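File shown here: entry-v6.cif, holding mmCIF, C-alpha atoms.
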```cif
data_run
#
loop_
_atom_site.label_atom_id
_atom_site.label_comp_id
_atom_site.auth_asym_id
_atom_site.auth_seq_id
_atom_site.Cartn_x
_atom_site.Cartn_y
_atom_site.Cartn_z
CA MET A 1 1.25 22.12 -14.09
CA ILE A 2 1.07 18.99 -11.93
CA ILE A 3 -0.72 19.16 -8.58
CA GLY A 4 0.39 16.56 -6.05
CA ALA A 5 3.81 14.97 -5.54
CA GLY A 6 2.62 11.52 -4.56
CA LEU A 7 3.72 8.52 -6.60
CA ALA A 8 1.32 9.29 -9.45
CA GLY A 9 2.39 12.94 -9.71
CA LEU A 10 6.06 12.00 -9.59
CA ALA A 11 5.55 9.35 -12.28
CA CYS A 12 3.77 11.89 -14.47
CA ALA A 13 6.58 14.40 -13.91
CA ARG A 14 9.12 11.75 -14.85
CA VAL A 15 7.43 11.26 -18.24
CA LEU A 16 7.43 14.99 -18.97
CA ALA A 17 11.03 15.41 -17.82
CA LYS A 18 12.24 12.59 -20.07
CA SER A 19 10.56 14.30 -23.02
CA GLY A 20 12.03 17.70 -22.17
CA VAL A 21 8.62 19.28 -21.54
CA PRO A 22 8.79 22.05 -18.90
CA PHE A 23 6.47 21.72 -15.91
CA THR A 24 5.93 22.75 -12.31
CA LEU A 25 5.00 20.21 -9.64
CA LEU A 26 3.06 21.65 -6.68
CA GLU A 27 2.89 19.78 -3.37
CA CYS A 28 0.92 21.01 -0.35
CA SER A 29 3.04 19.22 2.27
CA ASN A 30 6.71 19.46 3.20
CA GLY A 31 7.81 16.38 1.26
CA VAL A 32 7.08 14.06 -1.63
CA GLY A 33 5.34 10.70 -1.48
CA GLY A 34 1.72 11.40 -0.58
CA ARG A 35 0.64 8.36 1.45
CA VAL A 36 4.07 6.78 0.97
CA ARG A 37 5.98 8.73 3.61
CA THR A 38 8.38 7.88 6.43
CA ASP A 39 9.01 9.89 9.59
CA VAL A 40 12.15 9.53 11.71
CA VAL A 41 11.37 9.52 15.46
CA ASP A 42 14.21 8.99 17.97
CA GLY A 43 16.21 7.21 15.28
CA PHE A 44 13.32 4.90 14.25
CA ARG A 45 11.86 4.97 10.74
CA LEU A 46 8.07 5.07 10.97
CA ASP A 47 6.23 4.57 7.72
CA ARG A 48 2.87 6.33 7.71
CA GLY A 49 0.83 3.21 8.19
CA PHE A 50 2.16 -0.32 7.84
CA GLN A 51 3.21 -0.73 4.22
CA VAL A 52 5.14 -3.25 2.16
CA PHE A 53 6.47 -3.18 -1.39
CA LEU A 54 5.91 -5.94 -3.96
CA PRO A 55 9.00 -6.13 -6.21
CA ALA A 56 7.09 -7.99 -8.94
CA TYR A 57 4.97 -4.91 -9.73
CA PRO A 58 5.48 -4.44 -13.50
CA GLU A 59 5.37 -0.64 -13.54
CA ALA A 60 7.64 -0.38 -10.50
CA ARG A 61 10.18 -2.56 -12.27
CA ARG A 62 10.08 -0.15 -15.23
CA VAL A 63 10.78 3.02 -13.30
CA LEU A 64 12.59 2.19 -10.05
CA ASP A 65 16.20 1.25 -9.34
CA TYR A 66 15.77 -1.73 -7.02
CA ALA A 67 19.46 -1.97 -6.19
CA ALA A 68 19.47 1.62 -4.95
CA LEU A 69 16.36 0.94 -2.83
CA ASP A 70 18.27 -1.89 -1.12
CA LEU A 71 15.15 -4.02 -0.78
CA ARG A 72 14.97 -6.37 2.20
CA PRO A 73 12.74 -9.45 1.74
CA ILE A 74 9.95 -10.42 4.10
CA PHE A 75 9.32 -14.09 4.94
CA ARG A 76 6.90 -15.56 2.40
CA GLY A 77 4.11 -16.61 4.67
CA ALA A 78 2.78 -15.70 8.09
CA ASP A 79 2.52 -16.82 11.69
CA VAL A 80 -1.20 -17.01 12.43
CA PHE A 81 -2.41 -16.76 16.04
CA VAL A 82 -5.18 -19.29 16.67
CA LYS A 83 -6.22 -20.92 19.94
CA ASP A 84 -3.49 -19.37 22.07
CA ARG A 85 -0.50 -20.12 19.84
CA PHE A 86 1.01 -19.32 16.46
CA HIS A 87 0.73 -21.62 13.46
CA ARG A 88 3.11 -21.04 10.57
CA VAL A 89 1.83 -20.80 7.02
CA ALA A 90 4.88 -20.93 4.72
CA ASP A 91 5.25 -20.68 0.95
CA PRO A 92 6.46 -24.13 -0.18
CA VAL A 93 8.51 -22.58 -3.01
CA GLY A 94 10.17 -19.83 -1.00
CA HIS A 95 10.46 -21.79 2.28
CA PRO A 96 10.18 -25.52 1.55
CA ILE A 97 11.53 -26.58 4.96
CA GLY A 98 9.08 -24.35 6.82
CA ALA A 99 6.22 -25.60 4.66
CA PHE A 100 7.19 -29.22 5.28
CA LYS A 101 7.34 -28.70 9.04
CA SER A 102 3.80 -27.32 9.04
CA LEU A 103 2.45 -29.85 6.54
CA TRP A 104 0.31 -31.70 9.10
CA ASP A 105 -0.73 -28.62 11.08
CA GLU A 106 -4.31 -28.14 9.86
CA GLU A 107 -5.41 -25.55 12.40
CA VAL A 108 -5.24 -22.84 9.72
CA VAL A 109 -4.65 -24.59 6.40
CA SER A 110 -5.96 -28.11 5.81
CA ILE A 111 -4.33 -30.55 3.41
CA ARG A 112 -7.21 -29.85 1.03
CA ASP A 113 -6.64 -26.09 1.34
CA LYS A 114 -2.93 -26.58 0.62
CA TRP A 115 -3.89 -28.27 -2.63
CA PHE A 116 -6.21 -25.41 -3.57
CA MET A 117 -3.40 -22.94 -2.85
CA LEU A 118 -1.30 -24.70 -5.49
CA VAL A 119 -4.21 -24.55 -7.93
CA LEU A 120 -4.69 -20.84 -7.16
CA ARG A 121 -1.02 -20.25 -7.97
CA LYS A 122 -1.63 -21.76 -11.38
CA GLU A 123 -4.74 -19.62 -11.85
CA ALA A 124 -2.85 -16.41 -11.04
CA PHE A 125 0.40 -17.35 -12.78
CA GLY A 126 1.77 -14.70 -15.11
CA LEU A 127 -0.77 -11.97 -14.33
CA LYS A 128 0.63 -8.47 -14.86
CA GLU A 129 -2.62 -6.65 -14.14
CA PRO A 130 -6.01 -7.49 -12.63
CA PRO A 131 -7.63 -10.02 -14.99
CA ARG A 132 -10.37 -8.11 -16.80
CA GLY A 133 -11.89 -11.30 -18.24
CA LEU A 134 -12.80 -12.74 -14.85
CA PRO A 135 -16.50 -12.27 -14.00
CA GLU A 136 -16.80 -9.50 -11.41
CA MET A 137 -17.31 -10.86 -7.89
CA GLU A 138 -16.18 -10.21 -4.35
CA ALA A 139 -12.96 -11.81 -3.13
CA GLU A 140 -14.72 -13.75 -0.37
CA ASP A 141 -17.21 -15.29 -2.81
CA TYR A 142 -14.42 -16.17 -5.21
CA LEU A 143 -12.38 -17.95 -2.53
CA ARG A 144 -15.43 -19.87 -1.34
CA GLU A 145 -16.41 -20.92 -4.86
CA PHE A 146 -12.81 -21.87 -5.57
CA GLY A 147 -13.09 -24.47 -2.84
CA PHE A 148 -11.26 -23.03 0.16
CA SER A 149 -12.65 -23.96 3.57
CA GLU A 150 -14.33 -21.42 5.82
CA ARG A 151 -11.51 -22.02 8.30
CA MET A 152 -8.87 -21.03 5.71
CA ILE A 153 -10.84 -17.98 4.61
CA ASP A 154 -11.43 -16.76 8.17
CA ARG A 155 -8.05 -17.56 9.69
CA PHE A 156 -5.70 -16.71 6.82
CA PHE A 157 -7.24 -14.90 3.86
CA ARG A 158 -9.36 -12.56 5.97
CA PRO A 159 -6.50 -11.15 8.09
CA PHE A 160 -3.85 -11.38 5.33
CA PHE A 161 -5.72 -9.82 2.43
CA GLY A 162 -7.96 -7.86 4.78
CA GLY A 163 -4.83 -6.07 5.93
CA ILE A 164 -3.97 -5.27 2.32
CA PHE A 165 -7.48 -4.22 1.31
CA LEU A 166 -8.14 -2.51 4.66
CA GLU A 167 -11.45 -4.34 5.01
CA LYS A 168 -11.96 -7.80 6.48
CA ASP A 169 -15.27 -8.59 4.78
CA LEU A 170 -13.26 -9.24 1.58
CA ARG A 171 -15.71 -7.17 -0.46
CA THR A 172 -12.85 -6.12 -2.72
CA SER A 173 -12.89 -7.37 -6.29
CA ALA A 174 -11.58 -10.90 -6.83
CA ARG A 175 -9.65 -9.47 -9.77
CA MET A 176 -7.50 -7.48 -7.34
CA LEU A 177 -7.02 -10.50 -5.11
CA LEU A 178 -5.71 -12.57 -8.04
CA PHE A 179 -3.42 -9.80 -9.22
CA LEU A 180 -1.88 -9.32 -5.77
CA PHE A 181 -1.63 -13.07 -5.26
CA SER A 182 0.37 -13.23 -8.50
CA MET A 183 2.64 -10.39 -7.36
CA PHE A 184 3.33 -12.08 -4.00
CA ASP A 185 3.91 -15.39 -5.76
CA ARG A 186 6.38 -13.98 -8.28
CA GLY A 187 8.38 -11.65 -6.07
CA GLY A 188 7.29 -11.84 -2.45
CA SER A 189 7.24 -8.61 -0.46
CA ALA A 190 10.00 -6.36 0.82
CA LEU A 191 10.90 -3.08 2.50
CA PRO A 192 13.45 -0.51 1.30
CA ALA A 193 16.26 -0.38 3.85
CA GLN A 194 15.67 3.34 4.50
CA GLY A 195 11.88 3.12 4.70
CA MET A 196 9.08 3.45 2.16
CA GLN A 197 9.99 7.12 1.70
CA ALA A 198 12.94 5.92 -0.37
CA ILE A 199 10.56 5.12 -3.26
CA PRO A 200 9.21 8.64 -3.90
CA ASP A 201 12.57 10.17 -2.99
CA GLN A 202 14.20 8.19 -5.80
CA LEU A 203 11.66 9.53 -8.30
CA ALA A 204 11.95 13.10 -7.03
CA VAL A 205 15.74 13.31 -7.10
CA ALA A 206 15.72 12.77 -10.87
CA LEU A 207 13.46 15.77 -11.57
CA PRO A 208 14.94 18.93 -13.10
CA PRO A 209 16.03 21.48 -10.47
CA GLY A 210 13.41 24.03 -9.54
CA THR A 211 10.43 22.08 -10.85
CA LEU A 212 9.20 20.88 -7.43
CA LYS A 213 7.45 23.38 -5.16
CA LEU A 214 6.75 22.10 -1.63
CA ASN A 215 4.45 23.70 0.96
CA THR A 216 2.26 25.08 -1.84
CA PRO A 217 -1.36 24.10 -1.16
CA VAL A 218 -3.92 24.55 -3.94
CA ALA A 219 -7.39 25.98 -3.21
CA HIS A 220 -9.16 25.36 -6.52
CA VAL A 221 -8.62 24.26 -10.09
CA ARG A 222 -10.44 25.43 -13.20
CA ARG A 223 -9.64 24.80 -16.80
CA GLY A 224 -6.50 26.83 -17.50
CA GLU A 225 -6.18 28.15 -13.93
CA VAL A 226 -4.81 27.00 -10.58
CA GLY A 227 -5.68 29.00 -7.49
CA LEU A 228 -3.31 28.70 -4.53
CA GLU A 229 -4.43 29.04 -0.93
CA SER A 230 -2.18 32.08 -0.74
CA GLY A 231 -4.52 33.81 -3.19
CA GLU A 232 -2.14 33.62 -6.14
CA LEU A 233 -3.62 32.57 -9.49
CA ILE A 234 -1.46 30.59 -11.92
CA GLN A 235 -2.37 30.21 -15.58
CA ALA A 236 -1.57 26.88 -17.19
CA ASP A 237 -2.63 25.39 -20.52
CA HIS A 238 -2.41 21.85 -19.15
CA ILE A 239 -3.14 20.82 -15.56
CA VAL A 240 -2.70 17.35 -14.09
CA LEU A 241 -4.55 16.55 -10.87
CA ALA A 242 -2.34 13.93 -9.19
CA VAL A 243 -4.28 13.97 -5.95
CA SER A 244 -6.67 11.69 -4.09
CA GLU A 245 -10.20 11.16 -5.36
CA ASP A 246 -11.51 13.16 -2.42
CA ALA A 247 -9.13 16.07 -3.14
CA ALA A 248 -10.00 16.05 -6.86
CA PHE A 249 -13.71 16.37 -6.00
CA ARG A 250 -12.94 19.24 -3.62
CA LEU A 251 -10.64 21.18 -5.96
CA LEU A 252 -12.69 20.96 -9.16
CA PRO A 253 -15.99 22.71 -9.90
CA ASN A 254 -19.15 20.76 -9.05
CA GLY A 255 -19.95 17.98 -11.46
CA VAL A 256 -16.53 17.63 -13.08
CA VAL A 257 -15.83 14.43 -11.14
CA ASN A 258 -18.25 12.28 -9.20
CA MET A 259 -18.50 12.42 -5.42
CA PRO A 260 -16.23 9.65 -4.08
CA LYS A 261 -17.25 6.85 -1.78
CA PRO A 262 -15.83 7.04 1.79
CA SER A 263 -12.15 6.12 1.91
CA ARG A 264 -10.70 3.14 3.72
CA SER A 265 -8.60 4.01 6.75
CA THR A 266 -5.94 2.41 8.90
CA THR A 267 -4.19 2.88 12.25
CA CYS A 268 -0.66 1.85 13.10
CA LEU A 269 0.87 1.85 16.59
CA TYR A 270 4.67 1.78 16.73
CA PHE A 271 6.62 0.38 19.68
CA ALA A 272 10.33 0.19 20.50
CA ALA A 273 11.97 -2.69 22.35
CA ASN A 274 15.40 -3.81 23.45
CA GLU A 275 16.82 -7.06 22.13
CA ALA A 276 16.24 -8.71 25.51
CA ASP A 277 12.53 -7.91 25.28
CA MET A 278 12.10 -9.12 21.71
CA PRO A 279 10.99 -12.78 21.44
CA LEU A 280 10.23 -12.51 17.71
CA LYS A 281 13.22 -13.62 15.66
CA ASP A 282 11.94 -13.93 12.09
CA PRO A 283 11.15 -11.26 9.47
CA ILE A 284 7.56 -12.45 9.23
CA LEU A 285 4.04 -11.11 9.53
CA HIS A 286 2.01 -12.19 12.58
CA LEU A 287 -1.73 -12.38 11.90
CA ASP A 288 -4.85 -12.36 14.07
CA GLY A 289 -6.37 -15.68 13.02
CA ASP A 290 -8.88 -15.60 15.89
CA GLY A 291 -10.36 -12.33 14.66
CA ARG A 292 -10.53 -10.96 18.18
CA GLY A 293 -8.56 -7.80 17.35
CA PRO A 294 -8.22 -4.94 17.43
CA VAL A 295 -4.76 -5.58 15.95
CA ASN A 296 -4.91 -7.33 12.59
CA SER A 297 -1.15 -7.86 12.22
CA ILE A 298 2.15 -7.40 14.00
CA CYS A 299 5.51 -7.05 12.30
CA VAL A 300 8.99 -6.42 13.70
CA LEU A 301 10.25 -4.13 10.96
CA SER A 302 13.82 -4.14 12.26
CA ARG A 303 13.98 -7.92 11.72
CA ILE A 304 13.35 -7.20 8.04
CA ALA A 305 15.56 -4.10 7.75
CA PRO A 306 17.76 -3.31 10.78
CA GLU A 307 18.03 0.27 9.50
CA TYR A 308 14.48 0.88 10.72
CA ALA A 309 15.76 1.07 14.31
CA PRO A 310 18.88 2.33 16.15
CA PRO A 311 21.53 -0.30 16.99
CA GLY A 312 20.39 -2.67 19.73
CA GLN A 313 16.75 -1.60 19.35
CA HIS A 314 13.75 -3.04 17.54
CA LEU A 315 10.74 -1.44 15.90
CA ILE A 316 7.36 -3.17 16.13
CA SER A 317 4.31 -2.13 14.13
CA ALA A 318 0.79 -3.05 15.25
CA SER A 319 -1.61 -2.54 12.37
CA ILE A 320 -5.37 -1.97 12.80
CA ILE A 321 -7.99 -1.76 10.06
CA GLY A 322 -9.97 1.45 10.42
CA MET A 323 -9.60 4.31 12.89
CA PRO A 324 -10.76 3.30 16.37
CA SER A 325 -11.14 6.34 18.61
CA SER A 326 -10.86 4.68 22.02
CA ALA A 327 -8.71 6.59 24.49
CA GLU A 328 -7.59 3.22 25.86
CA LEU A 329 -6.45 1.94 22.44
CA GLU A 330 -2.81 1.56 23.47
CA ASP A 331 -3.81 -0.46 26.54
CA VAL A 332 -6.09 -2.70 24.49
CA VAL A 333 -3.34 -3.26 21.93
CA ARG A 334 -0.85 -4.11 24.69
CA ASP A 335 -3.31 -6.62 26.17
CA GLN A 336 -3.64 -8.36 22.81
CA MET A 337 0.12 -8.41 22.21
CA THR A 338 0.69 -9.76 25.71
CA ARG A 339 -1.60 -12.69 24.88
CA TRP A 340 0.52 -13.26 21.80
CA PHE A 341 4.06 -12.63 23.07
CA GLY A 342 4.04 -12.61 26.86
CA PRO A 343 4.86 -10.14 29.67
CA CYS A 344 7.82 -8.57 27.82
CA VAL A 345 5.27 -6.42 25.98
CA SER A 346 4.80 -4.30 29.12
CA ARG A 347 8.37 -3.04 28.63
CA TRP A 348 7.86 -2.00 25.01
CA ARG A 349 7.92 1.78 24.58
CA HIS A 350 5.12 3.39 22.60
CA LEU A 351 6.65 5.70 19.98
CA ARG A 352 3.69 6.98 18.02
CA SER A 353 0.22 6.13 16.75
CA ILE A 354 -0.42 7.04 13.13
CA GLN A 355 -3.91 7.19 11.66
CA VAL A 356 -4.41 7.48 7.90
CA ARG A 357 -7.98 8.50 7.15
CA HIS A 358 -7.73 8.34 3.36
CA ALA A 359 -5.44 5.33 3.11
CA GLN A 360 -7.23 3.75 0.14
CA PRO A 361 -10.02 4.85 -2.19
CA GLU A 362 -13.09 2.65 -2.07
CA ALA A 363 -14.71 2.65 -5.51
CA ARG A 364 -11.90 1.08 -7.58
CA GLN A 365 -11.51 -1.66 -5.00
CA LEU A 366 -15.04 -2.91 -5.53
CA LYS A 367 -15.30 -3.03 -9.31
CA LEU A 368 -12.34 -3.56 -11.61
CA GLY A 369 -14.37 -4.93 -14.51
CA GLU A 370 -14.62 -1.51 -16.08
CA ALA A 371 -11.73 0.10 -17.94
CA SER A 372 -9.34 2.38 -16.09
CA LEU A 373 -10.50 5.97 -15.75
CA ALA A 374 -9.37 8.01 -18.74
CA PRO A 375 -6.52 10.38 -17.85
CA GLU A 376 -8.09 13.30 -19.72
CA ILE A 377 -11.10 14.80 -17.92
CA GLU A 378 -11.53 17.52 -20.54
CA PRO A 379 -9.12 19.31 -22.90
CA GLY A 380 -6.21 20.62 -20.85
CA LEU A 381 -7.28 18.90 -17.61
CA TYR A 382 -5.99 15.47 -16.55
CA ARG A 383 -6.15 13.15 -13.54
CA CYS A 384 -4.04 10.34 -12.15
CA GLY A 385 -3.74 8.29 -8.99
CA ASP A 386 -4.41 4.76 -7.82
CA TRP A 387 -8.13 5.57 -7.84
CA CYS A 388 -7.89 5.75 -11.63
CA GLU A 389 -6.16 2.36 -12.13
CA ASP A 390 -5.91 -0.20 -9.32
CA VAL A 391 -5.27 0.58 -5.69
CA SER A 392 -1.59 -0.19 -5.31
CA ILE A 393 1.83 1.37 -5.73
CA ASN A 394 1.84 -0.16 -9.19
CA GLY A 395 -1.50 1.44 -10.04
CA ALA A 396 -0.34 4.88 -8.89
CA LEU A 397 2.85 4.71 -10.96
CA LEU A 398 0.99 3.39 -14.01
CA SER A 399 -1.71 6.05 -13.78
CA GLY A 400 0.92 8.79 -13.54
CA ARG A 401 2.63 7.53 -16.69
CA HIS A 402 -0.68 7.37 -18.55
CA ALA A 403 -1.50 10.97 -17.60
CA GLY A 404 1.92 12.16 -18.71
CA GLU A 405 1.60 10.34 -22.03
CA ALA A 406 -1.90 11.76 -22.58
CA LEU A 407 -0.52 15.26 -22.05
CA LEU A 408 2.34 14.62 -24.49
CA ARG A 409 -0.11 13.47 -27.15
CA ALA A 410 -2.23 16.58 -26.59
CA ILE A 411 0.72 18.91 -27.27
CA GLY A 412 1.98 16.86 -30.21
CA GLU A 413 5.05 15.39 -28.54
CA PRO A 414 6.08 11.77 -29.26
CA VAL A 415 5.20 9.23 -26.60
#
```

Kindly return the structure encoded in the file as C-alpha cells.
Amino acid sequence: MIIGAGLAGLACARVLAKSGVPFTLLECSNGVGGRVRTDVVDGFRLDRGFQVFLPAYPEARRVLDYAALDLRPIFRGADVFVKDRFHRVADPVGHPIGAFKSLWDEEVVSIRDKWFMLVLRKEAFGLKEPPRGLPEMEAEDYLREFGFSERMIDRFFRPFFGGIFLEKDLRTSARMLLFLFSMFDRGGSALPAQGMQAIPDQLAVALPPGTLKLNTPVAHVRRGEVGLESGELIQADHIVLAVSEDAAFRLLPNGVVNMPKPSRSTTCLYFAANEADMPLKDPILHLDGDGRGPVNSICVLSRIAPEYAPPGQHLISASIIGMPSSAELEDVVRDQMTRWFGPCVSRWRHLRSIQVRHAQPEARQLKLGEASLAPEIEPGLYRCGDWCEDVSINGALLSGRHAGEALLRAIGEPV
C-alpha cells in the first residue's frame, strides 16, 4: 500500500510495478503530482506555484522520457531590475553574445564577481548530489567567504536562489546551493510544453490498470493498517507513506516521526495579456534586484512554451516568497510590475492567485550534512518524499525509488 501519488509515491510505485509486485496507490486529491500540478483556466496552463524543471537532475534522467515531455529551455541567466532598469546577467557558455554585451555592466555583477562565478562553476562541476564532504554552512555565508561582493549576493543570488529556496535570507545549506548550481550549469532549466503536470502524468500512465485510487483520503496509519476517512480499514503488510512531512506526522501515531518545522510557502499571481500589451520578448526570468518586492520574480511562461496560453495570448507569472494576506495584493503587484514594464500592465487580466502553504519542507533545507532519512521507519512501514532526501524534484524521485527498493528487499525480491 502506497499513500500519496506525488512524485515520490509514483516513483515508488514504478519500482514495484517493474518488479511485478502488486500494490495499491491511494491519493486524496483528484489527480497525481502532489505539489507538481497544473490547472487549465480559460485555456491557460497554471502550474501550482511558479516551477521550473532542471533536465540535468540525475534521477529524473533515469526515469523520465524527456522527448515525450517536449522540454522548452529557459534563457540561462536573468534580467535583474536595479535602479529603475533591467540589467542582464547571462551565462557566458549558453549565451556568449549576451554575456559579452553585459561584460562592462557592473551594476549587478562586477568583473571580480564574474571571475568568481567561473571559479564557482569549477567548484560545482560534476556534482550529482549535494556534496556531503563540504563543511555545513548557510548559503549566504558560503557565498561571502567564497569572495562574492555584497552587491552580487543581494542583487542576484538573493532573488535567484531565494526564489528557489523560498527564503531570501539564504539560510539554506550551501551544499544544496552547490548542487543546484551544478544542475543549472550542466543542463539549464526548462518547462514541459504541456505544463509541469506532464511529469507526474508520465509516471502515472505507466502504472498497471486499477492500481491508482484517486479521491481516497487517509485518516490514520498504523503498522499493518490504513484507515480511510470514509471509515474503511485496509490491512496491508507493507505501507509506504509518500506524503509531506507534515502529513506523515499527522497520520502516524505520536512519536513515530518527529514534529516538522514550519513549511516554506509561496504565492503566484497569474496574468493574461495580448501580444500588443506584452513588452517582454525573451524566455527569461526577471528578478527583483532592488529587494523592494513583494514580487521576487516575473516570467512570461508563454515565451518559453507557447502552449501555456491560447493563440495570441500570453501568460505571466508573478512569484512571491511566502503568503502575504493583504487584500490589496493584486494592486501592489500591479504597481511593482508597472514600475518594471510600464502602463501596459494595467491592461493585463488577473487569472488566478495560487498560494502553496506547504511548498517546501524546512528541516532538510537547513542541514544536508547528515545522511538521507532511512526509508524504513519500522518493519512494514516506510517513508519517502523530498523531505527525506533533498528538496527538489530529483530528491522526491530518488526517495521514492529508495523506498520501493527497501520494500523489495524486505519481501525478498531482487532489487

Contacts of stretch 137-248 of chain A with stretch 21-27 of chain A up to 8 Å, shortest pair per row, all atoms listed in the file, as a Markdown table:
```
| residue | atom | partner | partner_atom | distance |
| --- | --- | --- | --- | --- |
| A:Thr211 | CA | A:Thr24 | CA | 4.8 |
| A:Leu212 | CA | A:Leu25 | CA | 4.8 |
| A:Lys213 | CA | A:Leu26 | CA | 5.0 |
| A:Leu214 | CA | A:Glu27 | CA | 4.8 |
| A:Asn215 | CA | A:Glu27 | CA | 6.0 |
| A:Thr216 | CA | A:Glu27 | CA | 5.6 |
| A:Pro217 | CA | A:Glu27 | CA | 6.5 |
```

Next item on the list: Could you check which of A:Arg151, A:Arg112, A:His358, A:Arg292 is closest to A:Gln336, using only C-alpha atoms?
Entry: A:Arg292

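Residues in contact with A:Gly77 at up to 6 Å, not including ones fewer than 6 positions away on its chain and judged by all atoms listed in the file, are A:Val89, A:Ala90, A:Asp91.
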
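The residue set within 10 Å of A:Val63, counting only C-alpha atoms and dropping same-chain residues fewer than 6 places from it, reads Ala11, Arg14, Gln202, Leu203, Leu397, Leu398 and Arg401 of chain A.
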
Checklist line | Selection result of the PyMOL selection byres ((chain A and resi 230) around 9) on this file, as a ChimeraX atom specification | finding: /A:216-219,227-229,231-233

Check: A:Ser399, A:Ser149, A:Gln355, A:Gln365: which is nearest A:Thr172, counting only C-alpha atoms?
Finding: A:Gln365

Next item on the list: Name all residues at most 6 Å from stretch 134-141 of chain A (count only C-alpha atoms; drop same-chain ones fewer than 2 positions away) and give them as a ChimeraX atom specification.
Entry: /A:131-132,143-144,170-174

Item checked: 10 Å contact set for stretch 155-161 of chain A, only C-alpha atoms, chain neighbours under 6 positions out, as a ChimeraX atom specification -> /A:77-82,89,107-109,139-140,143,148-149,167-170,172,177,180-181,285-291,295-297,321

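Closest approach to A:Ser265 among A:His87, A:Arg121, A:Arg357, A:Arg45 is made by A:Arg357 (distances from all atoms listed in the file).
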
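Using only C-alpha atoms, the smallest distance between any of A:Gly404, A:Pro55, A:Gly43, A:Gly49 and A:Gly163 comes from A:Gly49.
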
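Between A:Glu123 and the candidates A:Arg175, A:Arg37, A:Arg383, A:His220, the tightest atom-to-atom separation, counting all atoms listed in the file, involves A:Arg175.
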
Note to self: Evaluate the PyMOL selection byres ((chain A and resi 268-274) around 7) against this structure - the residues, as a list in words, please.
What the structure shows: Gly49, Phe50, Thr266, Thr267, Glu275, Ala276, Asp277, Met278, Gly312, Gln313, His314, Leu315, Ile316, Ser317, Ala318, Ser319, Ile320, Trp348, Arg349, His350, Leu351, Arg352, Ser353, Ile354 and Gln355 of chain A

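From atom CA of A:Leu191 back to atom CA of A:Ile74, the distance works out to 7.6 Å.
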
Next item on the list: Give me the residues within 12 Å of A:Val36 as a list in words, counting only C-alpha atoms and dropping any in the same chain fewer than 6 places off.
Entry: Ala5, Gly6, Leu7, Ala8, Leu10, Leu46, Asp47, Arg48, Gly49, Phe50, Gln51, Val52, Phe53, Pro192, Gly195, Met196, Gln197, Ala198, Ile199, Pro200, Asp201, Val356, Ala359, Gln360, Ser392, Ile393 and Ala396 of chain A

For the selection you just gave me, I'd like the residues written to a file as an mmCIF file, in the frame of the given file, keeping C-alpha atoms.
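Output below, filename out.cif:
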```cif
data_model
loop_
_atom_site.group_PDB
_atom_site.id
_atom_site.type_symbol
_atom_site.label_atom_id
_atom_site.label_comp_id
_atom_site.auth_asym_id
_atom_site.auth_seq_id
_atom_site.Cartn_x
_atom_site.Cartn_y
_atom_site.Cartn_z
ATOM 1 C CA ALA A 5 3.810 14.970 -5.540
ATOM 2 C CA GLY A 6 2.620 11.520 -4.560
ATOM 3 C CA LEU A 7 3.720 8.520 -6.600
ATOM 4 C CA ALA A 8 1.320 9.290 -9.450
ATOM 5 C CA LEU A 10 6.060 12.000 -9.590
ATOM 6 C CA LEU A 46 8.070 5.070 10.970
ATOM 7 C CA ASP A 47 6.230 4.570 7.720
ATOM 8 C CA ARG A 48 2.870 6.330 7.710
ATOM 9 C CA GLY A 49 0.830 3.210 8.190
ATOM 10 C CA PHE A 50 2.160 -0.320 7.840
ATOM 11 C CA GLN A 51 3.210 -0.730 4.220
ATOM 12 C CA VAL A 52 5.140 -3.250 2.160
ATOM 13 C CA PHE A 53 6.470 -3.180 -1.390
ATOM 14 C CA PRO A 192 13.450 -0.510 1.300
ATOM 15 C CA GLY A 195 11.880 3.120 4.700
ATOM 16 C CA MET A 196 9.080 3.450 2.160
ATOM 17 C CA GLN A 197 9.990 7.120 1.700
ATOM 18 C CA ALA A 198 12.940 5.920 -0.370
ATOM 19 C CA ILE A 199 10.560 5.120 -3.260
ATOM 20 C CA PRO A 200 9.210 8.640 -3.900
ATOM 21 C CA ASP A 201 12.570 10.170 -2.990
ATOM 22 C CA VAL A 356 -4.410 7.480 7.900
ATOM 23 C CA ALA A 359 -5.440 5.330 3.110
ATOM 24 C CA GLN A 360 -7.230 3.750 0.140
ATOM 25 C CA SER A 392 -1.590 -0.190 -5.310
ATOM 26 C CA ILE A 393 1.830 1.370 -5.730
ATOM 27 C CA ALA A 396 -0.340 4.880 -8.890
#
```

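Computed from the coordinates, the atom CA of A:Lys83 to atom CA of A:Val333 distance equals 18.0 Å.
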
Check: Which one of A:Glu59, A:Asp39, A:Asp113, A:Asp246 sits closest to A:Ile153 if you count only C-alpha atoms?
Finding: A:Asp113
